[in-house]
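Listing of protein25.txt, compact mmCIF, C-alpha atoms
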# COMPACT_ATOMS: atom_id res chain seq x y z
CA MET A 26 68.65 -50.50 38.43
CA SER A 27 65.63 -49.08 36.62
CA GLN A 28 62.17 -49.36 38.10
CA LYS A 29 59.80 -51.60 36.17
CA THR A 30 56.92 -49.73 34.54
CA LYS A 31 53.50 -50.84 35.68
CA LEU A 32 50.21 -50.47 33.92
CA PRO A 33 47.89 -47.82 35.32
CA LYS A 34 45.07 -49.35 37.39
CA ASP A 35 42.42 -48.11 34.96
CA PHE A 36 43.70 -50.73 32.47
CA LYS A 37 42.42 -53.56 34.66
CA PRO A 38 38.91 -53.66 33.06
CA LEU A 39 40.54 -53.82 29.60
CA LEU A 40 42.51 -56.91 30.59
CA TRP A 41 39.80 -58.65 32.61
CA SER A 42 40.73 -62.13 31.36
CA TYR A 43 44.34 -61.83 32.57
CA LYS A 44 45.85 -61.77 36.04
CA PHE A 45 46.48 -58.02 36.16
CA SER A 46 49.31 -58.18 38.69
CA LYS A 47 51.24 -60.54 36.37
CA ILE A 48 50.98 -58.41 33.22
CA ASP A 49 54.33 -57.02 32.09
CA PRO A 50 54.05 -53.91 29.85
CA GLU A 51 57.03 -55.07 27.77
CA LYS A 52 56.38 -58.80 27.46
CA ASP A 53 52.62 -58.40 27.04
CA LYS A 54 52.54 -55.33 24.82
CA ARG A 55 50.63 -57.12 22.05
CA VAL A 56 47.72 -57.92 24.38
CA ILE A 57 47.88 -54.47 25.97
CA ILE A 58 47.83 -52.59 22.65
CA ILE A 59 45.06 -54.71 21.09
CA ASN A 60 42.79 -54.55 24.14
CA THR A 61 43.45 -50.84 24.66
CA ILE A 62 42.54 -49.99 21.09
CA ASN A 63 39.43 -52.18 21.16
CA TYR A 64 38.12 -51.29 24.62
CA GLY A 65 40.09 -48.31 25.87
CA ASN A 66 39.33 -44.63 26.11
CA TRP A 67 41.24 -41.61 24.83
CA ARG A 68 43.46 -41.36 27.94
CA GLN A 69 44.42 -45.03 27.69
CA TRP A 70 45.21 -44.64 23.99
CA GLN A 71 47.49 -41.73 24.86
CA TRP A 72 49.24 -43.88 27.47
CA ILE A 73 50.11 -46.65 24.96
CA ILE A 74 51.39 -44.06 22.48
CA ARG A 75 53.57 -42.44 25.17
CA LYS A 76 54.74 -45.80 26.53
CA TYR A 77 55.53 -47.60 23.26
CA GLY A 78 56.02 -44.62 20.95
CA ARG A 79 53.86 -43.36 18.13
CA LYS A 80 56.01 -45.02 15.45
CA GLN A 81 56.02 -48.43 17.18
CA VAL A 82 52.24 -48.39 17.76
CA LYS A 83 51.71 -47.42 14.12
CA GLN A 84 53.95 -50.27 12.89
CA PHE A 85 52.22 -52.69 15.23
CA LEU A 86 48.82 -51.71 13.79
CA ILE A 87 50.03 -51.97 10.20
CA ASN A 88 51.53 -55.42 10.77
CA THR A 89 48.71 -56.91 12.84
CA PRO A 90 45.73 -58.36 10.95
CA MET A 91 42.70 -56.09 10.93
CA SER A 92 40.62 -58.95 12.29
CA GLU A 93 42.26 -58.44 15.70
CA PHE A 94 40.51 -55.06 16.06
CA PHE A 95 37.01 -53.67 16.13
CA GLN A 96 36.40 -51.56 13.04
CA ARG A 97 35.39 -48.23 14.64
CA PRO A 98 38.37 -47.79 16.97
CA LEU A 99 40.69 -49.02 14.21
CA ASN A 100 39.32 -46.36 11.84
CA LEU A 101 39.87 -43.63 14.42
CA MET A 102 43.37 -44.84 15.28
CA SER A 103 44.28 -44.96 11.57
CA LEU A 104 43.27 -41.30 11.25
CA LEU A 105 45.25 -40.33 14.34
CA LEU A 106 48.39 -42.16 13.25
CA GLY A 107 48.11 -41.54 9.50
CA ILE A 108 47.77 -45.18 8.48
CA LYS A 109 46.61 -45.60 4.90
CA LYS A 110 46.63 -49.38 4.55
CA PHE A 111 46.40 -52.32 6.91
CA LYS A 112 47.43 -55.92 6.49
CA TYR A 113 44.36 -58.06 5.93
CA ALA A 114 44.28 -61.66 7.04
CA SER A 115 41.62 -63.70 8.70
CA ARG A 116 42.46 -64.72 12.27
CA ASN A 117 42.68 -68.32 11.12
CA ASP A 118 45.18 -67.52 8.34
CA TYR A 119 47.22 -65.38 10.72
CA ILE A 120 47.41 -68.14 13.34
CA LYS A 121 48.37 -70.73 10.73
CA ALA A 122 51.13 -68.46 9.39
CA LYS A 123 52.53 -67.88 12.88
CA MET A 124 52.52 -71.63 13.56
CA GLY A 125 54.04 -72.48 10.18
CA ILE A 126 51.11 -74.64 9.12
What do you get writing this file as structure tokens?
Amino acid sequence: MSQKTKLPKDFKPLLWSYKFSKIDPEKDKRVIIINTINYGNWRQWQWIIRKYGRKQVKQFLINTPMSEFFQRPLNLMSLLLGIKKFKYASRNDYIKAKMGI
């Protein structure tokens, strides 16, 4: 039986609006990646790349609307991961598409 991976404790301030002890790195990876890119530091960015894989983080960024991220960290992450183009959609359009409205 494999041991469940836990988030490092220094992620707690990034996920302040969630019950930290209940966050599952696999089930909640969307929230973890978005908050880490927006609010995290270099070490935390490295952790998500090691945990989820460079390719998976890159695909996640490409397929997530730019409006989910702050511009400056997104620009830096795009340079680090070699992303040339992002999907653009307003948050409202993205939510409607996910809900099938």
Closest pair table for stretch 66-119 of chain A residues within 10 Å of stretch 37-54 of chain A, all atoms listed in the file, as a Markdown table:
| residue | atom | partner | partner_atom | distance |
| --- | --- | --- | --- | --- |
| A:Asn66 | CA | A:Leu39 | CA | 9.9 |
| A:Gln69 | CA | A:Leu39 | CA | 9.8 |
| A:Ile73 | CA | A:Lys54 | CA | 9.0 |
| A:Lys76 | CA | A:Pro50 | CA | 8.8 |
| A:Tyr77 | CA | A:Lys54 | CA | 8.4 |
| A:Val82 | CA | A:Lys54 | CA | 9.9 |
| A:Phe85 | CA | A:Lys54 | CA | 10.0 |
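Comparing the minimum interatomic distances between A:Ile58 and each of A:Met91, A:Ile108, A:Leu86, A:Leu101, counting all atoms listed in the file, we find that A:Leu86 sits nearest.
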Self-check item: Which residue of A:Trp72, A:Trp67, A:Leu32, A:Ile62 approaches A:Ser103 most closely, using only C-alpha atoms
Solution: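 Answer, going by the shortest atom-to-atom distance: A:Ile62.
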Self-check item: Contacts of A:Met102 within 9 Å, all atoms listed in the file, excl. fewer than 3 positions in-chain, as a count of residues only
Solution: 11
Self-check item: Å distance separating atom CA of A:Lys110 from atom CA of A:Phe36, one decimal place
Solution: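 Straight-line distance from atom CA of A:Lys110 to atom CA of A:Phe36 works out to 28.1 Å.
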Quiz prompt | Computed interatomic separation between atom CA of A:Pro90 and atom CA of A:Ile74 (Å) | solution = 19.2 Å
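Picture a line from atom CA of A:Phe94 to atom CA of A:Lys34; it runs 22.5 Å.
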Self-check item: Of the listed residues A:Phe111, A:Leu104, A:Gln84, A:Thr89, that which approaches A:Val56 most closely, counting all atoms listed in the file
Solution: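 Closest to A:Val56, using all atoms listed in the file: A:Thr89.
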Could you pull stretch 80-95 of chain A out of the structure I just pasted and write it to a file containing N, CA and C atoms, as a PDB file, in the first residue's frame?
ATOM      1  N   LYS A  80       5.578  18.225 -18.010  1.00  0.00           N
ATOM      2  CA  LYS A  80       4.661  18.145 -19.149  1.00  0.00           C
ATOM      3  C   LYS A  80       3.208  18.363 -18.714  1.00  0.00           C
ATOM      4  N   GLN A  81       2.813  17.757 -17.601  1.00  0.00           N
ATOM      5  CA  GLN A  81       1.437  17.888 -17.124  1.00  0.00           C
ATOM      6  C   GLN A  81       1.142  19.320 -16.660  1.00  0.00           C
ATOM      7  N   VAL A  82       2.092  19.959 -15.986  1.00  0.00           N
ATOM      8  CA  VAL A  82       1.893  21.349 -15.549  1.00  0.00           C
ATOM      9  C   VAL A  82       1.787  22.259 -16.775  1.00  0.00           C
ATOM     10  N   LYS A  83       2.636  22.014 -17.758  1.00  0.00           N
ATOM     11  CA  LYS A  83       2.596  22.808 -18.992  1.00  0.00           C
ATOM     12  C   LYS A  83       1.236  22.661 -19.681  1.00  0.00           C
ATOM     13  N   GLN A  84       0.744  21.436 -19.831  1.00  0.00           N
ATOM     14  CA  GLN A  84      -0.560  21.202 -20.462  1.00  0.00           C
ATOM     15  C   GLN A  84      -1.687  21.847 -19.660  1.00  0.00           C
ATOM     16  N   PHE A  85      -1.579  21.752 -18.347  1.00  0.00           N
ATOM     17  CA  PHE A  85      -2.587  22.375 -17.483  1.00  0.00           C
ATOM     18  C   PHE A  85      -2.634  23.882 -17.740  1.00  0.00           C
ATOM     19  N   LEU A  86      -1.464  24.517 -17.815  1.00  0.00           N
ATOM     20  CA  LEU A  86      -1.405  25.965 -18.045  1.00  0.00           C
ATOM     21  C   LEU A  86      -1.957  26.336 -19.417  1.00  0.00           C
ATOM     22  N   ILE A  87      -1.623  25.550 -20.420  1.00  0.00           N
ATOM     23  CA  ILE A  87      -2.099  25.831 -21.776  1.00  0.00           C
ATOM     24  C   ILE A  87      -3.622  25.724 -21.848  1.00  0.00           C
ATOM     25  N   ASN A  88      -4.182  24.757 -21.156  1.00  0.00           N
ATOM     26  CA  ASN A  88      -5.619  24.481 -21.256  1.00  0.00           C
ATOM     27  C   ASN A  88      -6.488  25.201 -20.229  1.00  0.00           C
ATOM     28  N   THR A  89      -5.879  25.947 -19.343  1.00  0.00           N
ATOM     29  CA  THR A  89      -6.632  26.706 -18.345  1.00  0.00           C
ATOM     30  C   THR A  89      -6.686  28.163 -18.798  1.00  0.00           C
ATOM     31  N   PRO A  90      -7.850  28.787 -18.741  1.00  0.00           N
ATOM     32  CA  PRO A  90      -7.948  30.184 -19.183  1.00  0.00           C
ATOM     33  C   PRO A  90      -6.958  31.092 -18.447  1.00  0.00           C
ATOM     34  N   MET A  91      -6.369  31.994 -19.199  1.00  0.00           N
ATOM     35  CA  MET A  91      -5.397  32.931 -18.633  1.00  0.00           C
ATOM     36  C   MET A  91      -5.979  33.731 -17.479  1.00  0.00           C
ATOM     37  N   SER A  92      -7.272  33.933 -17.487  1.00  0.00           N
ATOM     38  CA  SER A  92      -7.908  34.750 -16.454  1.00  0.00           C
ATOM     39  C   SER A  92      -7.831  34.119 -15.065  1.00  0.00           C
ATOM     40  N   GLU A  93      -7.431  32.856 -14.988  1.00  0.00           N
ATOM     41  CA  GLU A  93      -7.262  32.188 -13.693  1.00  0.00           C
ATOM     42  C   GLU A  93      -5.962  32.616 -12.997  1.00  0.00           C
ATOM     43  N   PHE A  94      -5.045  33.222 -13.763  1.00  0.00           N
ATOM     44  CA  PHE A  94      -3.707  33.518 -13.251  1.00  0.00           C
ATOM     45  C   PHE A  94      -3.418  35.010 -13.245  1.00  0.00           C
ATOM     46  N   PHE A  95      -2.517  35.407 -12.350  1.00  0.00           N
ATOM     47  CA  PHE A  95      -1.982  36.761 -12.388  1.00  0.00           C
ATOM     48  C   PHE A  95      -0.978  36.815 -13.535  1.00  0.00           C
TER      49      PHE A  95
END
